[in-house]
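*Asks:* Dropping in work_13.csv, which is CSV, N, CA and C atoms:
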```csv
chain,number,residue,atom,x,y,z
A,356,MET,N,69.1,103.4,-7.3
A,356,MET,CA,68.8,102.5,-6.3
A,356,MET,C,67.2,102.4,-6.1
A,357,THR,N,66.6,103.5,-6.2
A,357,THR,CA,65.1,103.5,-6.1
A,357,THR,C,64.5,102.7,-7.2
A,358,ARG,N,65.1,102.9,-8.4
A,358,ARG,CA,64.5,102.2,-9.5
A,358,ARG,C,64.7,100.7,-9.3
A,359,VAL,N,65.8,100.2,-8.8
A,359,VAL,CA,66.0,98.8,-8.5
A,359,VAL,C,65.0,98.3,-7.5
A,360,LEU,N,64.7,99.0,-6.5
A,360,LEU,CA,63.7,98.6,-5.5
A,360,LEU,C,62.3,98.6,-6.1
A,361,ILE,N,61.9,99.5,-6.9
A,361,ILE,CA,60.6,99.4,-7.5
A,361,ILE,C,60.5,98.2,-8.4
A,362,ILE,N,61.5,97.9,-9.3
A,362,ILE,CA,61.5,96.8,-10.1
A,362,ILE,C,61.4,95.5,-9.3
A,363,LEU,N,62.2,95.4,-8.2
A,363,LEU,CA,62.2,94.3,-7.3
A,363,LEU,C,60.9,94.1,-6.6
A,364,ALA,N,60.2,95.2,-6.2
A,364,ALA,CA,58.9,95.1,-5.6
A,364,ALA,C,57.9,94.6,-6.5
A,365,VAL,N,57.9,95.1,-7.8
A,365,VAL,CA,56.9,94.6,-8.8
A,365,VAL,C,57.2,93.2,-9.1
A,366,ALA,N,58.4,92.7,-9.2
A,366,ALA,CA,58.7,91.4,-9.6
A,366,ALA,C,58.3,90.4,-8.5
A,367,LEU,N,58.5,90.8,-7.2
A,367,LEU,CA,58.2,89.9,-6.1
A,367,LEU,C,56.7,89.9,-5.9
A,368,ALA,N,56.0,91.0,-6.1
A,368,ALA,CA,54.6,91.0,-5.8
A,368,ALA,C,53.8,90.2,-6.9
A,369,GLY,N,54.2,90.2,-8.1
A,369,GLY,CA,53.5,89.5,-9.2
A,369,GLY,C,52.2,90.2,-9.5
A,370,CYS,N,51.4,89.5,-10.2
A,370,CYS,CA,50.0,89.9,-10.5
A,370,CYS,C,49.1,89.2,-9.6
A,371,ALA,N,48.4,90.0,-8.8
A,371,ALA,CA,47.4,89.4,-7.9
A,371,ALA,C,46.0,89.4,-8.6
A,372,THR,N,45.7,88.3,-9.2
A,372,THR,CA,44.4,88.2,-9.9
A,372,THR,C,43.4,87.4,-9.1
A,373,THR,N,42.2,87.8,-9.1
A,373,THR,CA,41.2,87.0,-8.4
A,373,THR,C,40.6,86.0,-9.4
A,374,PRO,N,40.5,84.7,-9.0
A,374,PRO,CA,39.9,83.8,-10.0
A,374,PRO,C,38.4,84.1,-10.2
A,375,GLU,N,38.0,83.9,-11.4
A,375,GLU,CA,36.6,84.1,-11.8
A,375,GLU,C,35.7,83.1,-11.0
A,376,PRO,N,34.6,83.6,-10.4
A,376,PRO,CA,33.8,82.6,-9.7
A,376,PRO,C,33.0,81.7,-10.8
A,377,LYS,N,32.9,80.5,-10.4
A,377,LYS,CA,32.2,79.6,-11.4
A,377,LYS,C,30.7,79.8,-11.2
A,378,PRO,N,30.0,79.8,-12.3
A,378,PRO,CA,28.6,80.0,-12.2
A,378,PRO,C,27.9,78.7,-11.5
A,379,PHE,N,26.9,79.0,-10.7
A,379,PHE,CA,26.2,77.9,-10.0
A,379,PHE,C,25.3,77.2,-10.9
A,380,VAL,N,25.6,75.9,-11.1
A,380,VAL,CA,24.8,75.1,-11.9
A,380,VAL,C,24.1,74.0,-11.0
A,381,PRO,N,22.8,74.2,-10.8
A,381,PRO,CA,22.1,73.2,-10.0
A,381,PRO,C,22.2,71.8,-10.6
A,382,THR,N,22.4,70.8,-9.7
A,382,THR,CA,22.4,69.5,-10.2
A,382,THR,C,21.0,69.0,-10.4
A,383,ALA,N,20.7,68.3,-11.5
A,383,ALA,CA,19.4,67.8,-11.8
A,383,ALA,C,19.1,66.7,-10.9
A,384,PRO,N,17.9,66.6,-10.4
A,384,PRO,CA,17.5,65.4,-9.5
A,384,PRO,C,17.7,64.1,-10.3
A,385,LYS,N,18.1,63.1,-9.6
A,385,LYS,CA,18.3,61.8,-10.3
A,385,LYS,C,17.0,61.3,-10.7
A,386,ALA,N,17.0,60.6,-11.8
A,386,ALA,CA,15.7,60.0,-12.3
A,386,ALA,C,16.1,58.6,-12.8
A,387,ARG,N,15.1,57.7,-12.8
A,387,ARG,CA,15.2,56.3,-13.2
A,387,ARG,C,14.1,56.0,-14.2
A,388,ALA,N,14.4,55.3,-15.2
A,388,ALA,CA,13.4,55.0,-16.2
A,388,ALA,C,12.7,53.7,-15.8
A,389,MET,N,11.4,53.7,-16.1
A,389,MET,CA,10.6,52.4,-15.9
A,389,MET,C,9.7,52.2,-17.1
A,390,ALA,N,9.9,51.0,-17.7
A,390,ALA,CA,9.0,50.7,-18.9
A,390,ALA,C,7.7,50.1,-18.3
A,391,VAL,N,6.6,50.6,-18.8
A,391,VAL,CA,5.3,50.2,-18.3
A,391,VAL,C,4.5,49.5,-19.5
A,392,HIS,N,4.2,48.3,-19.3
A,392,HIS,CA,3.4,47.5,-20.3
A,392,HIS,C,2.1,47.1,-19.7
A,393,SER,N,1.1,46.8,-20.5
A,393,SER,CA,-0.1,46.2,-20.0
A,393,SER,C,-0.7,45.2,-21.0
A,394,ILE,N,-1.4,44.3,-20.5
A,394,ILE,CA,-2.2,43.3,-21.3
A,394,ILE,C,-3.6,43.6,-21.0
A,395,PRO,N,-4.4,44.1,-22.0
A,395,PRO,CA,-4.0,44.5,-23.3
A,395,PRO,C,-3.4,45.9,-23.3
A,396,THR,N,-2.8,46.3,-24.4
A,396,THR,CA,-2.1,47.6,-24.5
A,396,THR,C,-3.1,48.7,-24.6
A,397,GLY,N,-2.6,49.9,-24.5
A,397,GLY,CA,-3.5,51.1,-24.6
A,397,GLY,C,-4.1,51.6,-23.4
A,398,MET,N,-3.6,51.3,-22.2
A,398,MET,CA,-4.1,51.7,-20.9
A,398,MET,C,-3.5,53.0,-20.5
A,399,MET,N,-4.3,53.9,-19.8
A,399,MET,CA,-3.7,55.1,-19.3
A,399,MET,C,-2.8,54.8,-18.1
A,400,VAL,N,-1.7,55.4,-18.0
A,400,VAL,CA,-0.8,55.2,-16.9
A,400,VAL,C,-0.8,56.4,-16.0
A,401,MET,N,-1.0,56.2,-14.7
A,401,MET,CA,-1.0,57.4,-13.8
A,401,MET,C,-0.1,57.1,-12.7
A,402,VAL,N,0.7,58.1,-12.3
A,402,VAL,CA,1.6,58.0,-11.2
A,402,VAL,C,1.2,59.0,-10.1
A,403,ASN,N,0.8,58.4,-8.9
A,403,ASN,CA,0.3,59.3,-7.9
A,403,ASN,C,-0.8,60.2,-8.4
A,404,GLU,N,-1.8,59.6,-9.1
A,404,GLU,CA,-3.0,60.3,-9.6
A,404,GLU,C,-2.7,61.4,-10.7
A,405,GLU,N,-1.5,61.3,-11.3
A,405,GLU,CA,-1.1,62.2,-12.4
A,405,GLU,C,-0.9,61.4,-13.7
A,406,TRP,N,-1.6,61.7,-14.8
A,406,TRP,CA,-1.5,61.0,-16.0
A,406,TRP,C,-0.1,61.2,-16.6
A,407,VAL,N,0.5,60.1,-17.0
A,407,VAL,CA,1.9,60.2,-17.5
A,407,VAL,C,2.1,59.6,-18.9
A,408,GLY,N,1.1,58.8,-19.4
A,408,GLY,CA,1.3,58.2,-20.7
A,408,GLY,C,0.3,57.1,-20.9
A,409,ILE,N,0.4,56.4,-22.1
A,409,ILE,CA,-0.4,55.3,-22.4
A,409,ILE,C,0.5,54.1,-22.8
A,410,THR,N,0.1,52.9,-22.3
A,410,THR,CA,1.0,51.7,-22.4
A,410,THR,C,1.0,51.3,-23.9
A,411,PRO,N,2.1,50.8,-24.4
A,411,PRO,CA,3.4,50.7,-23.7
A,411,PRO,C,4.2,52.1,-23.7
A,412,CYS,N,4.8,52.4,-22.6
A,412,CYS,CA,5.5,53.6,-22.5
A,412,CYS,C,6.7,53.5,-21.5
A,413,VAL,N,7.6,54.5,-21.6
A,413,VAL,CA,8.7,54.5,-20.6
A,413,VAL,C,8.5,55.8,-19.8
A,414,ILE,N,8.4,55.7,-18.5
A,414,ILE,CA,8.3,56.9,-17.7
A,414,ILE,C,9.5,57.1,-16.9
A,415,MET,N,9.8,58.4,-16.6
A,415,MET,CA,10.9,58.8,-15.8
A,415,MET,C,10.4,59.1,-14.4
A,416,LEU,N,11.0,58.5,-13.4
A,416,LEU,CA,10.6,58.7,-12.0
A,416,LEU,C,11.7,59.3,-11.2
A,417,PRO,N,11.5,60.3,-10.3
A,417,PRO,CA,12.6,60.8,-9.5
A,417,PRO,C,13.1,59.7,-8.6
A,418,ALA,N,14.4,59.6,-8.5
A,418,ALA,CA,15.0,58.5,-7.7
A,418,ALA,C,16.0,59.1,-6.7
A,419,ASP,N,16.2,58.4,-5.6
A,419,ASP,CA,17.2,58.8,-4.6
A,419,ASP,C,18.6,58.3,-5.1
A,420,SER,N,19.6,58.4,-4.3
A,420,SER,CA,21.0,58.1,-4.7
A,420,SER,C,21.1,56.6,-4.9
A,421,ASN,N,20.2,55.8,-4.3
A,421,ASN,CA,20.3,54.3,-4.5
A,421,ASN,C,19.4,53.8,-5.6
A,422,GLY,N,18.8,54.7,-6.4
A,422,GLY,CA,17.9,54.3,-7.4
A,422,GLY,C,16.5,53.9,-6.9
A,423,GLY,N,16.1,54.3,-5.7
A,423,GLY,CA,14.8,54.0,-5.1
A,423,GLY,C,13.8,55.1,-5.3
A,424,PHE,N,12.6,54.8,-5.0
A,424,PHE,CA,11.5,55.8,-5.0
A,424,PHE,C,11.8,56.9,-4.0
A,425,THR,N,11.5,58.1,-4.3
A,425,THR,CA,11.8,59.2,-3.3
A,425,THR,C,10.7,59.5,-2.3
A,426,GLY,N,9.5,59.2,-2.7
A,426,GLY,CA,8.4,59.5,-1.7
A,426,GLY,C,8.1,58.3,-0.8
A,427,PRO,N,7.3,58.6,0.3
A,427,PRO,CA,7.0,57.5,1.2
A,427,PRO,C,6.2,56.4,0.5
A,428,LEU,N,5.3,56.8,-0.5
A,428,LEU,CA,4.5,55.8,-1.1
A,428,LEU,C,4.3,56.3,-2.6
A,429,THR,N,4.5,55.4,-3.5
A,429,THR,CA,4.4,55.7,-4.9
A,429,THR,C,3.3,54.7,-5.5
A,430,ILE,N,2.3,55.2,-6.1
A,430,ILE,CA,1.2,54.4,-6.7
A,430,ILE,C,1.2,54.6,-8.2
A,431,ILE,N,1.3,53.5,-8.9
A,431,ILE,CA,1.2,53.5,-10.4
A,431,ILE,C,-0.1,52.7,-10.7
A,432,ASP,N,-0.9,53.4,-11.5
A,432,ASP,CA,-2.2,52.8,-11.8
A,432,ASP,C,-2.4,52.7,-13.3
A,433,ALA,N,-2.9,51.6,-13.8
A,433,ALA,CA,-3.2,51.4,-15.2
A,433,ALA,C,-4.7,51.4,-15.3
A,434,VAL,N,-5.2,52.4,-16.1
A,434,VAL,CA,-6.7,52.7,-16.1
A,434,VAL,C,-7.1,52.4,-17.6
A,435,PRO,N,-8.1,51.5,-17.7
A,435,PRO,CA,-8.6,51.2,-19.1
A,435,PRO,C,-9.3,52.4,-19.7
A,436,ILE,N,-9.1,52.6,-21.0
A,436,ILE,CA,-9.7,53.7,-21.7
A,436,ILE,C,-11.1,53.3,-22.1
A,437,THR,N,-11.3,52.0,-22.4
A,437,THR,CA,-12.6,51.5,-22.8
A,437,THR,C,-13.3,50.8,-21.7
A,438,GLY,N,-14.5,50.6,-21.7
A,438,GLY,CA,-15.2,49.9,-20.6
A,438,GLY,C,-15.0,48.4,-20.6
A,439,GLY,N,-15.5,47.7,-19.6
A,439,GLY,CA,-15.4,46.3,-19.6
A,439,GLY,C,-14.2,45.8,-18.8
A,440,MET,N,-13.3,46.7,-18.4
A,440,MET,CA,-12.1,46.2,-17.6
A,440,MET,C,-12.0,47.0,-16.3
A,441,GLN,N,-11.3,46.4,-15.4
A,441,GLN,CA,-11.1,47.1,-14.1
A,441,GLN,C,-9.7,47.7,-14.1
A,442,SER,N,-9.5,48.8,-13.4
A,442,SER,CA,-8.2,49.4,-13.2
A,442,SER,C,-7.3,48.6,-12.3
A,443,THR,N,-6.0,48.6,-12.4
A,443,THR,CA,-5.1,47.8,-11.6
A,443,THR,C,-4.1,48.8,-11.1
A,444,LYS,N,-3.7,48.6,-9.8
A,444,LYS,CA,-2.7,49.5,-9.1
A,444,LYS,C,-1.5,48.7,-8.6
A,445,MET,N,-0.4,49.3,-8.6
A,445,MET,CA,0.8,48.7,-7.9
A,445,MET,C,1.4,49.9,-7.1
A,446,TRP,N,1.9,49.5,-5.9
A,446,TRP,CA,2.4,50.6,-5.0
A,446,TRP,C,3.7,50.1,-4.4
A,447,TRP,N,4.6,51.1,-4.1
A,447,TRP,CA,5.9,50.8,-3.5
A,447,TRP,C,6.2,51.8,-2.4
A,448,GLN,N,6.9,51.3,-1.4
A,448,GLN,CA,7.3,52.2,-0.3
A,448,GLN,C,8.8,52.1,-0.2
A,449,ARG,N,9.4,53.2,-0.6
A,449,ARG,CA,10.9,53.4,-0.5
A,449,ARG,C,11.7,52.2,-1.0
A,450,GLN,N,11.3,51.6,-2.1
A,450,GLN,CA,12.0,50.4,-2.6
A,450,GLN,C,12.7,50.8,-3.9
A,451,ARG,N,13.6,50.0,-4.4
A,451,ARG,CA,14.3,50.3,-5.6
A,451,ARG,C,13.3,50.3,-6.8
A,452,ILE,N,13.4,51.2,-7.7
A,452,ILE,CA,12.5,51.4,-8.8
A,452,ILE,C,12.8,50.3,-9.8
A,453,PRO,N,11.8,49.4,-10.1
A,453,PRO,CA,12.1,48.4,-11.1
A,453,PRO,C,12.2,49.0,-12.5
A,454,SER,N,12.9,48.3,-13.4
A,454,SER,CA,13.1,48.8,-14.7
A,454,SER,C,11.9,48.5,-15.6
A,455,ARG,N,11.0,47.6,-15.2
A,455,ARG,CA,9.9,47.2,-16.1
A,455,ARG,C,8.8,46.7,-15.2
A,456,VAL,N,7.5,47.1,-15.5
A,456,VAL,CA,6.3,46.5,-14.9
A,456,VAL,C,5.3,46.1,-15.9
A,457,VAL,N,4.5,45.1,-15.7
A,457,VAL,CA,3.5,44.7,-16.6
A,457,VAL,C,2.2,44.6,-15.8
A,458,PHE,N,1.2,45.3,-16.3
A,458,PHE,CA,-0.1,45.2,-15.7
A,458,PHE,C,-1.0,44.3,-16.6
A,459,THR,N,-1.6,43.3,-15.9
A,459,THR,CA,-2.6,42.5,-16.6
A,459,THR,C,-3.9,42.9,-16.0
A,460,LEU,N,-4.8,43.4,-16.9
A,460,LEU,CA,-6.0,44.0,-16.4
A,460,LEU,C,-7.1,43.0,-16.5
A,461,PRO,N,-7.8,42.7,-15.4
A,461,PRO,CA,-8.9,41.8,-15.5
A,461,PRO,C,-10.2,42.4,-16.1
A,462,TRP,N,-11.0,41.5,-16.6
A,462,TRP,CA,-12.2,42.0,-17.2
A,462,TRP,C,-13.2,42.2,-16.0
A,463,ALA,N,-14.0,43.3,-16.1
A,463,ALA,CA,-14.9,43.6,-15.0
A,463,ALA,C,-16.1,42.6,-15.1
A,464,PRO,N,-16.6,42.2,-13.9
A,464,PRO,CA,-17.7,41.3,-13.9
A,464,PRO,C,-18.9,41.9,-14.6
A,465,PRO,N,-19.7,41.2,-15.3
A,465,PRO,CA,-20.9,41.8,-16.0
A,465,PRO,C,-21.8,42.4,-15.0
A,466,GLN,N,-22.4,43.5,-15.4
A,466,GLN,CA,-23.3,44.2,-14.5
A,466,GLN,C,-24.7,43.6,-14.8
A,467,PRO,N,-25.5,43.4,-13.8
A,467,PRO,CA,-26.9,42.9,-14.0
A,467,PRO,C,-27.7,44.0,-14.7
A,468,ALA,N,-28.6,43.6,-15.6
A,468,ALA,CA,-29.5,44.5,-16.3
A,468,ALA,C,-30.4,45.2,-15.4
A,469,LYS,N,-30.7,46.4,-15.7
A,469,LYS,CA,-31.7,47.2,-14.9
A,469,LYS,C,-33.1,47.0,-15.5
A,470,LYS,N,-34.1,47.2,-14.7
A,470,LYS,CA,-35.4,47.1,-15.3
A,470,LYS,C,-35.7,48.0,-16.4
A,471,ALA,N,-35.1,49.2,-16.4
A,471,ALA,CA,-35.3,50.2,-17.5
A,471,ALA,C,-34.6,49.7,-18.8
A,472,ASP,N,-33.6,48.8,-18.7
A,472,ASP,CA,-32.9,48.3,-19.8
A,472,ASP,C,-33.7,47.1,-20.5
A,473,LEU,N,-34.6,46.5,-19.7
A,473,LEU,CA,-35.3,45.3,-20.2
A,473,LEU,C,-36.4,45.8,-21.1
A,474,VAL,N,-36.6,45.1,-22.2
A,474,VAL,CA,-37.7,45.4,-23.1
A,474,VAL,C,-38.6,44.2,-23.1
A,475,VAL,N,-39.8,44.5,-22.8
A,475,VAL,CA,-40.8,43.4,-22.7
A,475,VAL,C,-41.6,43.4,-24.0
A,476,ALA,N,-41.6,42.3,-24.6
A,476,ALA,CA,-42.3,42.1,-25.9
A,476,ALA,C,-43.8,42.0,-25.6
A,477,PRO,N,-44.7,42.6,-26.4
A,477,PRO,CA,-46.1,42.5,-26.1
A,477,PRO,C,-46.6,41.1,-26.5
```
Render the structure in this file as C-alpha coordinates.
*Replies:*
Amino acid sequence: MTRVLIILAVALAGCATTPEPKPFVPTAPKARAMAVHSIPTGMMVMVNEEWVGITPCVIMLPADSNGGFTGPLTIIDAVPITGGMQSTKMWWQRQRIPSRVVFTLPWAPPQPAKKADLVVAP
(Lines of atoms letter the chains of each structure in order from A and count residues from 1; the text may use other names and numbers.)
(Lines give C-alpha, C1' and ligand atoms only; values in the text may rest on other atoms or scores of the structure.)
Protein backbone atom coordinates (compact mmCIF):
# COMPACT_ATOMS: atom_id res chain seq x y z
CA MET A 1 0.00 0.00 0.00
CA THR A 2 2.83 2.37 0.85
CA ARG A 3 4.47 1.59 -2.44
CA VAL A 4 1.27 2.47 -4.35
CA LEU A 5 1.01 5.79 -2.51
CA ILE A 6 4.62 6.70 -3.30
CA ILE A 7 4.16 5.86 -7.00
CA LEU A 8 0.88 7.79 -7.05
CA ALA A 9 2.50 10.82 -5.34
CA VAL A 10 5.39 10.83 -7.82
CA ALA A 11 3.04 10.48 -10.81
CA LEU A 12 0.75 13.27 -9.66
CA ALA A 13 3.56 15.65 -8.69
CA GLY A 14 5.36 15.35 -12.02
CA CYS A 15 8.64 17.08 -12.63
CA ALA A 16 8.69 20.63 -11.43
CA THR A 17 11.19 22.37 -13.67
CA THR A 18 11.90 26.03 -13.64
CA PRO A 19 12.05 27.52 -17.14
CA GLU A 20 15.40 28.94 -18.14
CA PRO A 21 15.39 32.74 -18.00
CA LYS A 22 15.82 34.32 -21.39
CA PRO A 23 18.91 36.49 -21.67
CA PHE A 24 18.24 40.22 -21.83
CA VAL A 25 18.89 41.50 -25.32
CA PRO A 26 18.64 45.27 -25.49
CA THR A 27 16.76 46.50 -28.51
CA ALA A 28 18.81 48.64 -30.83
CA PRO A 29 17.62 52.18 -31.20
CA LYS A 30 15.72 52.77 -34.39
CA ALA A 31 17.65 54.43 -37.17
CA ARG A 32 16.70 55.85 -40.55
CA ALA A 33 18.95 56.26 -43.57
CA MET A 34 19.35 59.61 -45.31
CA ALA A 35 21.19 59.98 -48.63
CA VAL A 36 23.14 63.25 -48.71
CA HIS A 37 24.20 64.75 -52.05
CA SER A 38 25.75 68.08 -52.93
CA ILE A 39 26.40 70.16 -55.99
CA PRO A 40 29.35 70.04 -56.42
CA THR A 41 30.18 66.68 -54.83
CA GLY A 42 32.94 66.15 -52.27
CA MET A 43 31.62 68.30 -49.41
CA MET A 44 32.11 67.37 -45.76
CA VAL A 45 28.83 66.41 -44.08
CA MET A 46 28.36 67.29 -40.43
CA VAL A 47 25.41 66.37 -38.20
CA ASN A 48 25.12 68.55 -35.10
CA GLU A 49 28.76 69.60 -35.54
CA GLU A 50 30.04 65.99 -35.86
CA TRP A 51 31.74 64.94 -39.10
CA VAL A 52 29.92 61.94 -40.63
CA GLY A 53 31.06 61.69 -44.25
CA ILE A 54 31.76 63.25 -47.64
CA THR A 55 29.08 63.69 -50.29
CA PRO A 56 27.63 61.66 -51.84
CA CYS A 57 27.02 59.47 -48.79
CA VAL A 58 24.31 57.70 -46.83
CA ILE A 59 24.13 58.51 -43.14
CA MET A 60 22.18 56.72 -40.42
CA LEU A 61 20.28 58.96 -38.04
CA PRO A 62 18.59 57.91 -34.79
CA ALA A 63 14.82 57.92 -35.30
CA ASP A 64 11.77 57.79 -33.08
CA SER A 65 8.98 55.25 -33.57
CA ASN A 66 7.44 57.41 -36.33
CA GLY A 67 10.69 57.76 -38.31
CA GLY A 68 11.29 61.31 -37.09
CA PHE A 69 14.32 63.08 -35.68
CA THR A 70 14.87 62.29 -32.01
CA GLY A 71 16.40 65.55 -30.79
CA PRO A 72 14.69 68.90 -30.44
CA LEU A 73 16.87 70.32 -33.25
CA THR A 74 19.00 68.50 -35.84
CA ILE A 75 21.41 70.50 -38.02
CA ILE A 76 23.04 69.01 -41.10
CA ASP A 77 25.82 71.08 -42.62
CA ALA A 78 27.64 70.69 -45.96
CA VAL A 79 31.10 72.23 -45.63
CA PRO A 80 33.33 72.81 -48.67
CA ILE A 81 36.76 71.24 -48.51
CA THR A 82 38.26 73.74 -50.92
CA GLY A 83 37.94 77.50 -50.77
CA GLY A 84 35.66 79.67 -52.84
CA MET A 85 32.35 78.27 -51.57
CA GLN A 86 30.16 78.92 -48.57
CA SER A 87 28.88 76.27 -46.20
CA THR A 88 25.14 75.46 -46.30
CA LYS A 89 22.97 74.22 -43.42
CA MET A 90 19.60 72.53 -43.14
CA TRP A 91 17.79 72.04 -39.85
CA TRP A 92 14.76 70.13 -38.63
CA GLN A 93 12.71 70.23 -35.43
CA ARG A 94 11.07 66.88 -34.62
CA GLN A 95 10.02 66.25 -38.23
CA ARG A 96 10.09 63.05 -40.24
CA ILE A 97 13.59 62.23 -41.51
CA PRO A 98 13.70 62.66 -45.30
CA SER A 99 15.21 59.84 -47.33
CA ARG A 100 17.37 62.24 -49.39
CA VAL A 101 18.67 65.80 -49.24
CA VAL A 102 20.65 67.78 -51.82
CA PHE A 103 22.84 70.72 -50.90
CA THR A 104 23.58 73.29 -53.59
CA LEU A 105 26.55 75.28 -52.39
CA PRO A 106 26.83 78.89 -53.50
CA TRP A 107 30.11 80.40 -54.51
CA ALA A 108 31.47 82.82 -51.95
CA PRO A 109 31.63 86.45 -53.04
CA PRO A 110 35.10 87.51 -54.09
CA GLN A 111 37.10 89.10 -51.31
CA PRO A 112 38.57 92.55 -51.99
CA ALA A 113 42.33 92.62 -52.38
CA LYS A 114 44.34 93.87 -49.43
CA LYS A 115 47.01 96.52 -49.78
CA ALA A 116 49.64 93.95 -48.88
CA ASP A 117 48.49 91.77 -51.82
CA LEU A 118 48.81 94.59 -54.35
CA VAL A 119 52.07 94.83 -56.22
CA VAL A 120 52.94 98.28 -57.49
CA ALA A 121 55.05 98.30 -60.60
CA PRO A 122 57.89 100.83 -60.56
*Asks:* Can you tell me how far atom CA of A:Ala388 sits from atom CA of A:Gln450, in Å to one decimal?
*Replies:*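 Going from atom CA of A:Ala388 over to atom CA of A:Gln450 covers 14.4 Å.
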*Asks:* To one decimal place in Å, what is the distance between atom C of A:Arg451 and atom CA of A:Phe424?
*Replies:* 6.1 Å
*Asks:* What is the distance, in Å and to one decimal place, between atom CA of A:Thr410 and atom C of A:Pro453?
*Replies:*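 Atom-to-atom, atom CA of A:Thr410 to atom C of A:Pro453, that is 15.2 Å.
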*Asks:* Would you mind telling me which residue in A:Ser442, A:Lys385, A:Ser393, A:Asp419 lies nearest to A:Val457 when using all atoms listed in the file?
*Replies:* A:Ser393
*Asks:* In file coordinates, which residues lie within 8 Å of (8.9, 59.7, -7.3) using all atoms listed in the file, given as a JSON list (two decimals) with N, CA and C atoms, in the coordinates of the input?
*Replies:*
```
[["chain", "number", "residue", "atom", "x", "y", "z"],
["A", 415, "MET", "N", 9.80, 58.40, -16.60],
["A", 415, "MET", "CA", 10.90, 58.80, -15.80],
["A", 415, "MET", "C", 10.40, 59.10, -14.40],
["A", 416, "LEU", "N", 11.00, 58.50, -13.40],
["A", 416, "LEU", "CA", 10.60, 58.70, -12.00],
["A", 416, "LEU", "C", 11.70, 59.30, -11.20],
["A", 417, "PRO", "N", 11.50, 60.30, -10.30],
["A", 417, "PRO", "CA", 12.60, 60.80, -9.50],
["A", 417, "PRO", "C", 13.10, 59.70, -8.60],
["A", 418, "ALA", "N", 14.40, 59.60, -8.50],
["A", 418, "ALA", "CA", 15.00, 58.50, -7.70],
["A", 418, "ALA", "C", 16.00, 59.10, -6.70],
["A", 419, "ASP", "N", 16.20, 58.40, -5.60],
["A", 419, "ASP", "CA", 17.20, 58.80, -4.60],
["A", 419, "ASP", "C", 18.60, 58.30, -5.10],
["A", 423, "GLY", "N", 16.10, 54.30, -5.70],
["A", 423, "GLY", "CA", 14.80, 54.00, -5.10],
["A", 423, "GLY", "C", 13.80, 55.10, -5.30],
["A", 424, "PHE", "N", 12.60, 54.80, -5.00],
["A", 424, "PHE", "CA", 11.50, 55.80, -5.00],
["A", 424, "PHE", "C", 11.80, 56.90, -4.00],
["A", 425, "THR", "N", 11.50, 58.10, -4.30],
["A", 425, "THR", "CA", 11.80, 59.20, -3.30],
["A", 425, "THR", "C", 10.70, 59.50, -2.30],
["A", 426, "GLY", "N", 9.50, 59.20, -2.70],
["A", 426, "GLY", "CA", 8.40, 59.50, -1.70],
["A", 426, "GLY", "C", 8.10, 58.30, -0.80],
["A", 427, "PRO", "N", 7.30, 58.60, 0.30],
["A", 427, "PRO", "CA", 7.00, 57.50, 1.20],
["A", 427, "PRO", "C", 6.20, 56.40, 0.50],
["A", 428, "LEU", "N", 5.30, 56.80, -0.50],
["A", 428, "LEU", "CA", 4.50, 55.80, -1.10],
["A", 428, "LEU", "C", 4.30, 56.30, -2.60],
["A", 429, "THR", "N", 4.50, 55.40, -3.50],
["A", 429, "THR", "CA", 4.40, 55.70, -4.90],
["A", 429, "THR", "C", 3.30, 54.70, -5.50]]
```
*Asks:* Leaving out A:Arg455 and any residue of its chain fewer than 4 positions from it, which residues lie within 10 Å of it when counting only C-alpha atoms, given as an NGL selection string?
*Replies:* :A and (388-392 or 413-414)
*Asks:* Write the residues of the selection above to a file with N, CA and C atoms, as a PDB file, in the coordinates of the input.
*Replies:*
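Once written, selection13.pdb looks like this:
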```pdb
ATOM      1  N   ALA A 388      14.400  55.300 -15.200  1.00  0.00           N
ATOM      2  CA  ALA A 388      13.400  55.000 -16.200  1.00  0.00           C
ATOM      3  C   ALA A 388      12.700  53.700 -15.800  1.00  0.00           C
ATOM      4  N   MET A 389      11.400  53.700 -16.100  1.00  0.00           N
ATOM      5  CA  MET A 389      10.600  52.400 -15.900  1.00  0.00           C
ATOM      6  C   MET A 389       9.700  52.200 -17.100  1.00  0.00           C
ATOM      7  N   ALA A 390       9.900  51.000 -17.700  1.00  0.00           N
ATOM      8  CA  ALA A 390       9.000  50.700 -18.900  1.00  0.00           C
ATOM      9  C   ALA A 390       7.700  50.100 -18.300  1.00  0.00           C
ATOM     10  N   VAL A 391       6.600  50.600 -18.800  1.00  0.00           N
ATOM     11  CA  VAL A 391       5.300  50.200 -18.300  1.00  0.00           C
ATOM     12  C   VAL A 391       4.500  49.500 -19.500  1.00  0.00           C
ATOM     13  N   HIS A 392       4.200  48.300 -19.300  1.00  0.00           N
ATOM     14  CA  HIS A 392       3.400  47.500 -20.300  1.00  0.00           C
ATOM     15  C   HIS A 392       2.100  47.100 -19.700  1.00  0.00           C
ATOM     16  N   VAL A 413       7.600  54.500 -21.600  1.00  0.00           N
ATOM     17  CA  VAL A 413       8.700  54.500 -20.600  1.00  0.00           C
ATOM     18  C   VAL A 413       8.500  55.800 -19.800  1.00  0.00           C
ATOM     19  N   ILE A 414       8.400  55.700 -18.500  1.00  0.00           N
ATOM     20  CA  ILE A 414       8.300  56.900 -17.700  1.00  0.00           C
ATOM     21  C   ILE A 414       9.500  57.100 -16.900  1.00  0.00           C
TER      22      ILE A 414
END
```
*Asks:* Using all atoms listed in the file, which residues sit within 8 Å of A:Glu404 once same-chain residues fewer than 3 positions away are excluded, as a list of chain:residue names?
*Replies:* A:Val400, A:Met401, A:Val407, A:Thr429, A:Ile430, A:Ile431, A:Asp432
*Asks:* Limited to N, CA and C atoms, could you put the picked residues into a file as an mmCIF file, keeping the file's coordinate frame?
*Replies:*
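The result, written out as result-v7.cif:
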```cif
data_model
loop_
_atom_site.group_PDB
_atom_site.id
_atom_site.type_symbol
_atom_site.label_atom_id
_atom_site.label_comp_id
_atom_site.auth_asym_id
_atom_site.auth_seq_id
_atom_site.Cartn_x
_atom_site.Cartn_y
_atom_site.Cartn_z
ATOM 1 N N VAL A 400 -1.700 55.400 -18.000
ATOM 2 C CA VAL A 400 -0.800 55.200 -16.900
ATOM 3 C C VAL A 400 -0.800 56.400 -16.000
ATOM 4 N N MET A 401 -1.000 56.200 -14.700
ATOM 5 C CA MET A 401 -1.000 57.400 -13.800
ATOM 6 C C MET A 401 -0.100 57.100 -12.700
ATOM 7 N N VAL A 407 0.500 60.100 -17.000
ATOM 8 C CA VAL A 407 1.900 60.200 -17.500
ATOM 9 C C VAL A 407 2.100 59.600 -18.900
ATOM 10 N N THR A 429 4.500 55.400 -3.500
ATOM 11 C CA THR A 429 4.400 55.700 -4.900
ATOM 12 C C THR A 429 3.300 54.700 -5.500
ATOM 13 N N ILE A 430 2.300 55.200 -6.100
ATOM 14 C CA ILE A 430 1.200 54.400 -6.700
ATOM 15 C C ILE A 430 1.200 54.600 -8.200
ATOM 16 N N ILE A 431 1.300 53.500 -8.900
ATOM 17 C CA ILE A 431 1.200 53.500 -10.400
ATOM 18 C C ILE A 431 -0.100 52.700 -10.700
ATOM 19 N N ASP A 432 -0.900 53.400 -11.500
ATOM 20 C CA ASP A 432 -2.200 52.800 -11.800
ATOM 21 C C ASP A 432 -2.400 52.700 -13.300
#
```
